[in-house]
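Chemist: One structure is given below, represented as structure tokens, and several questions about it will come after.
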Amino acid sequence: MSAQINLYERLADELGALIESRVFAPGDRLPSIRHLSQQKRLSISTVMQALRLLEDRGLVDARPQAGFYVRHRARNLAAVCDSHCTTLPTYVGINNLLMRVLRANKTPGALQLGLSWPPDELLPVKRLQQIMASTARRAPELLAQDGCFDTNEPHFVRQVTRRALDWGRIDPQEIIATNSCTEAISLALRAVAKPGDTVAIESPTYFVLLQLIESLGMKALEIPTDPKTGLSIDALELAMREGLVQACLLVPNVNNPLGSIMPEESKKRLAGLVSRYDIPLVEDDVYGDLCFMAERPWPVKAYDTSGHVLLCSSFSKVASPSLRAGYILAGRYTQEVAFLKNVSSGGNSVFIQAVLADYIGSSSYDNQVRRIRRTMTQRIARMSDAVSEFFPAECSVSAPQGGFVLWIALPEGADAMALHEQAIEHRIAFMPGPLFSASGRFGNCIRINCGNAWSSEVDHAVRCLGTLVRQSLDRVPLRPMAKLARAS
Ligand SMILES: Cc1ncc(COP(=O)(O)O)c(C=O)c1O
């Protein structure tokens, strides 16, 4: 019996080494069971046991009727969803650190892996130029006094309402145009919560959301978030039941940085919870159109029957980050949000809205969404494979379901801030993990952008980062990769 165990373990070790050295690369099919059995002179069942062991080790996947394939490292990211590890509500203080990192990332000549934008080459600049010129000619009054104190441009409201038909029917009366998704979220938070209140957020979450909470003197409660399925609804319900939360600020479709998408059942449950506990949910849906599946996932707003969900979005990720055009569907809080919008900025550019209305109302927008989805699916897979190749084997990588970024967990003990300093010296910019937490978690994680087309510069940068990580690990005693939840 023990000789047999040794045989299949030995075969698993042998194949594992070939995978590690990339003789079999991610996505490759391993030789068939019959072939391995003949080649190694082992029984079919011994080969099967070896392959199952490799599967348990996370190195291969069995595909029905097709054989065993080398797993993309991206799938190795450990689940972080431990509902017991919710931290306490805490005031946020990331702004100074964030400013320091952003300044460093602007070092001249640095390769930009720090953003969560599409690269310029993927943006529809020419089409927008044409629409701008024709709009200015057709409706010069939009550049004069007309509508200078208006928030909404009617054509824009119509097109946003039409686009929302992809997931439901919305009341155009609850739409308020904003300068970006960031402004929409800021208005929403101000409308539904006050200084000292606690806002439930995903952990990790996008640093600007933390910055907004910080700027408004609110507290954040980090809720465990799974790299695939998003926020733990059980943990959130517990916090709601205990009266810890006054508002939620979540990115259920394509969390930044994880790229997770909350399953539809969880969204339904979340909509029910916010209604039952009478707690507003500010939903950031800026990546909703940029998922990698054929159908756009619905937002929680699609299941909201009580008006507790304020959906915030913009056209920054698909059309133009520079136009700063967004909107909010404010539900039962529409009046408060409209008031805050009005006193904050007097109105919203009706010219820009008219331009975007033309763009999002045309098939150009659909083509653009398809183009970004297709390109980013390929670029993320390319970057993920490069990270698997050049980073130490103890690292793990997210498998985003949309967006532009990868989240990489280095082994515990690695220091993302120190790595960032070294990377900047090598002219490589990325975002270190602690910026995505209110309580200093994710000290061993980094976020990198995958939007750049593959080039020798990008290749060199990923190799260089991998080498820097390796060198830093040689200096500290290595502990094996554990749950991200405990990384801090
Ligand atoms: C989750 C999330 N929300 C909002 C934004 C910002 O969108 P906007 O440029 O429209 O303010 C970003 C940009 O990175 C983001 O990642």
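Residue names in the structure tokens use chain letters A, B, ... in the order shown, residue numbers from 1 in each chain, and ligand numbers from 1 in the order shown.
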Counting only C-alpha atoms and all ligand atoms, give me one row per residue of chain A with an atom at most 7 Å from an atom of ligand 1, showing the shortest contact pair and its distance in Å to one decimal, sorted by chain then residue number, as a Markdown table.
Modeler:
```
| residue | atom | partner | partner_atom_place_in_ligand_line | distance |
| --- | --- | --- | --- | --- |
| A:Ser116 | CA | ligand 1 | 14 (O) | 4.9 |
| A:Trp117 | CA | ligand 1 | 14 (O) | 6.4 |
| A:Ser180 | CA | ligand 1 | 10 (O) | 3.7 |
| A:Cys181 | CA | ligand 1 | 10 (O) | 3.7 |
| A:Thr182 | CA | ligand 1 | 11 (O) | 3.7 |
| A:Glu183 | CA | ligand 1 | 11 (O) | 6.5 |
| A:Tyr206 | CA | ligand 1 | 1 (C) | 5.6 |
| A:Val251 | CA | ligand 1 | 1 (C) | 6.2 |
| A:Asn255 | CA | ligand 1 | 1 (C) | 6.4 |
| A:Asn256 | CA | ligand 1 | 1 (C) | 5.2 |
| A:Asp284 | CA | ligand 1 | 3 (N) | 5.9 |
| A:Val286 | CA | ligand 1 | 3 (N) | 5.6 |
| A:Ser313 | CA | ligand 1 | 10 (O) | 6.5 |
| A:Ser314 | CA | ligand 1 | 10 (O) | 4.7 |
| A:Phe315 | CA | ligand 1 | 10 (O) | 6.4 |
| A:Ser316 | CA | ligand 1 | 10 (O) | 4.8 |
| A:Pro321 | CA | ligand 1 | 9 (O) | 5.5 |
| A:Arg324 | CA | ligand 1 | 10 (O) | 6.0 |
| A:Ala325 | CA | ligand 1 | 10 (O) | 6.7 |
| A:Gly326 | CA | ligand 1 | 10 (O) | 5.9 |
```
Chemist: With only C-alpha atoms as the counted atoms, please give the residues lying no more than 12 Å from region 152-154 of chain A, apart from itself and same-chain residues fewer than 5 positions off, as a PyMOL selection string.
Modeler: chain A and resi 142+146-147+159-161+172-179+325-328+338+341-342+346-358
Chemist: Using CA of Thr90 (chain A) and CA of Leu311 (chain A) as the two end points, give the distance in Å to one decimal.
Modeler: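 Distance between the two atoms: 24.7 Å.
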Chemist: Applying 9 Å and only C-alpha atoms, which residues near Met240 (chain A) remain after dropping the ones on its own chain fewer than 5 positions away? List them as a PyMOL selection string.
Modeler: chain A and resi 235+245-246+273-274+277+279
Chemist: Considering only C-alpha atoms, return as a PDB file with C-alpha atoms, in the first residue's frame whatever protein or nucleic-acid residues lie within 8 Å of Leu210 (chain A), sequence-local ones (same chain, fewer than 3 positions apart) excluded.
Modeler:
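And here is the file that came out, out-v7.pdb:
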```pdb
ATOM      1  CA  VAL A  92     -10.232  56.216   8.128  1.00  0.00           C
ATOM      2  CA  ILE A  94      -5.398  56.821   4.362  1.00  0.00           C
ATOM      3  CA  THR A 205     -12.157  48.297  -1.413  1.00  0.00           C
ATOM      4  CA  TYR A 206     -11.263  51.137  -3.797  1.00  0.00           C
ATOM      5  CA  PHE A 207      -9.153  53.725  -1.970  1.00  0.00           C
ATOM      6  CA  ILE A 213     -15.518  58.320   4.103  1.00  0.00           C
ATOM      7  CA  GLU A 214     -12.451  59.939   5.675  1.00  0.00           C
ATOM      8  CA  ALA A 220     -15.740  52.379   7.995  1.00  0.00           C
ATOM      9  CA  PHE A 436      -7.438  49.412   0.089  1.00  0.00           C
ATOM     10  CA  SER A 437      -8.151  49.027   3.804  1.00  0.00           C
ATOM     11  CA  ALA A 438      -9.293  51.320   6.600  1.00  0.00           C
TER      12      ALA A 438
END
```
Chemist: Identify, with DSSP run on backbone atoms, the residues in region 14-257 of chain A assigned to strand (DSSP E or B), and express the list as a ChimeraX atom specification.
Modeler: /A:29,60-63,67-70,90-91,111-112,175-178,198-203,219-226,230-231,247-250,253
Chemist: Report as a PyMOL selection string all protein, DNA and RNA residues lying within 12 Å of Arg52 (chain A), evaluated on only C-alpha atoms, omitting residues in the same chain fewer than 4 positions from it.
Modeler: chain A and resi 8-9+11-12+15-16+33+45-48+56-62+67-69
Chemist: Selection from above, C-alpha atoms, as a JSON list (two decimals), in the first residue's frame, can you write it?
Modeler:
```
[["chain", "number", "residue", "atom", "x", "y", "z"],
["A", 8, "TYR", "CA", 1.36, 8.27, -7.24],
["A", 9, "GLU", "CA", 2.93, 10.92, -5.02],
["A", 11, "LEU", "CA", 4.30, 11.01, -10.26],
["A", 12, "ALA", "CA", 2.41, 14.02, -8.86],
["A", 15, "LEU", "CA", 4.36, 16.56, -12.97],
["A", 16, "GLY", "CA", 4.21, 19.38, -10.39],
["A", 33, "ILE", "CA", -4.16, 9.20, -18.42],
["A", 45, "SER", "CA", -5.70, 4.13, -11.10],
["A", 46, "THR", "CA", -2.23, 5.22, -9.88],
["A", 47, "VAL", "CA", -2.11, 7.89, -12.61],
["A", 48, "MET", "CA", -5.63, 8.99, -11.68],
["A", 56, "ASP", "CA", -5.95, 19.10, -4.67],
["A", 57, "ARG", "CA", -2.68, 21.02, -4.75],
["A", 58, "GLY", "CA", -4.37, 23.57, -7.01],
["A", 59, "LEU", "CA", -2.09, 22.92, -9.96],
["A", 60, "VAL", "CA", -4.50, 21.39, -12.48],
["A", 61, "ASP", "CA", -8.20, 21.31, -13.31],
["A", 62, "ALA", "CA", -10.14, 18.31, -14.60],
["A", 67, "GLY", "CA", -8.54, 15.70, -19.57],
["A", 68, "PHE", "CA", -6.43, 17.61, -17.05],
["A", 69, "TYR", "CA", -5.28, 21.18, -17.72]]
```
